[in-house]
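One structure below.
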Amino acid sequence: MQMDNQLPPKKAPGFCSFRYGLSFLLHCCNVTRMAQCTCLNLTMVVMVNSTDPHGLPNTSTKKLLDNIKNPVYNWGPDIQGIILSSTFYGFVIIQVPIGYFSRIYFVKKIIGFALCLSSVLSLLIPPAAGIGEVWLIACRTVQAVAQGIVGTAQSEIYVKWAPPLEGRLTSMSASGFLLGPFIVLVVTGVICESLGWPMVLYIFGACDCALCLLWLFLFYDDPKDHPCISISEKEYITSSLVQQVSSSRQSLPIKAMLKSLPVWAISIGSFTFFWSNNITTVYTPIFIDSMLHVNIKEDPESAWFKIFILKAAINVIGLIFYLIAEAEIQDWAKEKHHTHL
């Protein structure tokens, strides 16, 4: 009888359930968040006048109209570096505080406020760039704080929403971190060429505003309080998380974590991945423009295609090395003279 009481009820519907819908909503939020984070890296090659440091050419009506649609600024490499790196300032300073406050306050309000702030700042970036680079850097830094809040606080959601055996929920939402930059890489060139670079920020900002409204209407901090979730799914989630919720307020084992090899392996792997991914995402467009001398304004289709191919090639090469490294050691490598491997 005691074992029967510990068993969870019959499993609720999977992919069509509300918890998977919530995971997909978080996935979309991560897509727009990373899109806003990386889109300025690509639009920077259109925003900066690299051919004439003293002013904009005014040789034809077509160029004049293009300058109105695509404002160009005389920013040197140092200013460009500060603007691009300002995104990461906010990420660094917000991780630990928001991880603590997300356990005390309502996650719905925290993430909802951060989504709203990030979307509004995305809409303000084009006019801020027109006022001056200082305002642009300030907007990007505060926006990074808001995006860091969303990325950190969502981990607390699964404490009450994700059954222990359904790790695919977190995988589904986390996949948005990679899909967002990919979408930006595909559509930014088309938008810049047809509508102008400010529309890139306006479009992703508007998408984030829509997701913010969906978030405030659809998400509840606890599945027990949600009016739309089915009773069977609610019972399945709460019963499967009884032990996890009861032990979730234990003190953080800092000493054990510092001595744990798996923790160090995950930390180093995550650091190297995000560092290399951010470097390639930030500087690939600038590398194409400055080192390969591809003028994106004279031949936009070819330039954007080269940016896409170079970024895709980096990821494919990394995947090939990963597939080789994860393979099992073959029998010929296990012979006596190879035992040191």
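To be explicit about the labels: the chains of the structure tokens are called A, B, and onward in the order shown, and within each one the residues are counted from 1, while ligands get numbers from 1 in the order they are shown.
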Kindly provide the residues of region 203-263 of chain A that approach region 27-42 of chain A to within 7 Å, each paired with its closest atom pair and their distance in Å to one decimal, based on only C-alpha atoms, listed by chain and increasing number, as a Markdown table.
```
| residue | atom | partner | partner_atom | distance |
| --- | --- | --- | --- | --- |
| A:Phe204 | CA | A:Thr32 | CA | 6.3 |
| A:Asp208 | CA | A:Thr32 | CA | 6.0 |
| A:Leu211 | CA | A:Cys29 | CA | 6.6 |
```
Any chance you can output those residues with C-alpha atoms as a PDB file, in the first residue's frame?
```
ATOM      1  CA  PHE A 204      11.819  41.168 -33.639  1.00  0.00           C
ATOM      2  CA  ASP A 208       8.630  39.838 -28.476  1.00  0.00           C
ATOM      3  CA  LEU A 211       5.006  36.801 -26.835  1.00  0.00           C
TER       4      LEU A 211
END
```
- Message: as a PyMOL selection string, please: the residues near Pro198 (chain A) (cut-off 9 Å, only C-alpha atoms, same-chain neighbours under 5 positions excluded).
- Response: chain A and resi 43+69-71+123+125-127+192+203
Keeping only C-alpha atoms, write the selected residues as a PDB file, in the first residue's frame.
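out.pdb, freshly written:
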```pdb
ATOM      1  CA  THR A  43      23.105  44.966 -39.159  1.00  0.00           C
ATOM      2  CA  LYS A  69      16.043  53.797 -45.240  1.00  0.00           C
ATOM      3  CA  ASN A  70      19.430  52.618 -43.925  1.00  0.00           C
ATOM      4  CA  PRO A  71      21.004  55.352 -41.758  1.00  0.00           C
ATOM      5  CA  LEU A 123      12.104  49.270 -30.669  1.00  0.00           C
ATOM      6  CA  ILE A 125      17.539  51.048 -30.558  1.00  0.00           C
ATOM      7  CA  PRO A 126      17.220  52.678 -34.037  1.00  0.00           C
ATOM      8  CA  PRO A 127      16.333  56.139 -32.643  1.00  0.00           C
ATOM      9  CA  CYS A 192      18.032  44.992 -44.620  1.00  0.00           C
ATOM     10  CA  ILE A 203      10.111  43.186 -36.375  1.00  0.00           C
TER      11      ILE A 203
END
```
- Message: To test your reading of the structure, identify every residue in region 82-251 of chain A that backbone DSSP assigns to alpha helix (DSSP H), and report it as a VMD selection string.
- Response: chain A and resid 82 to 101 107 to 131 133 to 161 168 to 174 176 to 194 197 to 218 231 to 240 242 to 246
- Message: Given only C-alpha atoms as the basis, pick out the residue of A:Leu25, A:Val120, A:Ala265, A:Cys16 nearest to Leu218 (chain A).
- Response: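 Ranking A:Leu25, A:Val120, A:Ala265, A:Cys16 by distance to Leu218 (chain A), first place goes to A:Leu25.
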Applying 6 Å and only C-alpha atoms, which residues near region 132-148 of chain A remain after dropping the ones on its own chain fewer than 5 positions away? List them as a PDB file with N, CA and C atoms, in the first residue's frame.
```pdb
ATOM      1  N   ILE A  83      29.998  48.678 -28.693  1.00  0.00           N
ATOM      2  CA  ILE A  83      28.570  48.458 -28.941  1.00  0.00           C
ATOM      3  C   ILE A  83      28.246  46.967 -28.954  1.00  0.00           C
ATOM      4  N   SER A  86      28.602  45.390 -25.467  1.00  0.00           N
ATOM      5  CA  SER A  86      27.695  45.884 -24.424  1.00  0.00           C
ATOM      6  C   SER A  86      26.588  44.882 -24.119  1.00  0.00           C
ATOM      7  N   THR A  87      26.301  44.009 -25.075  1.00  0.00           N
ATOM      8  CA  THR A  87      25.279  42.985 -24.844  1.00  0.00           C
ATOM      9  C   THR A  87      25.652  42.069 -23.689  1.00  0.00           C
ATOM     10  N   GLY A  90      25.326  43.104 -19.443  1.00  0.00           N
ATOM     11  CA  GLY A  90      24.118  42.803 -18.683  1.00  0.00           C
ATOM     12  C   GLY A  90      24.009  41.345 -18.291  1.00  0.00           C
ATOM     13  N   PHE A  91      24.449  40.447 -19.189  1.00  0.00           N
ATOM     14  CA  PHE A  91      24.392  39.020 -18.878  1.00  0.00           C
ATOM     15  C   PHE A  91      25.231  38.687 -17.647  1.00  0.00           C
ATOM     16  N   ALA A 114      10.603  41.387 -17.854  1.00  0.00           N
ATOM     17  CA  ALA A 114      11.835  41.350 -18.645  1.00  0.00           C
ATOM     18  C   ALA A 114      11.535  41.273 -20.139  1.00  0.00           C
ATOM     19  N   SER A 118      12.684  44.183 -22.731  1.00  0.00           N
ATOM     20  CA  SER A 118      13.547  43.846 -23.860  1.00  0.00           C
ATOM     21  C   SER A 118      12.923  44.240 -25.189  1.00  0.00           C
TER      22      SER A 118
END
```
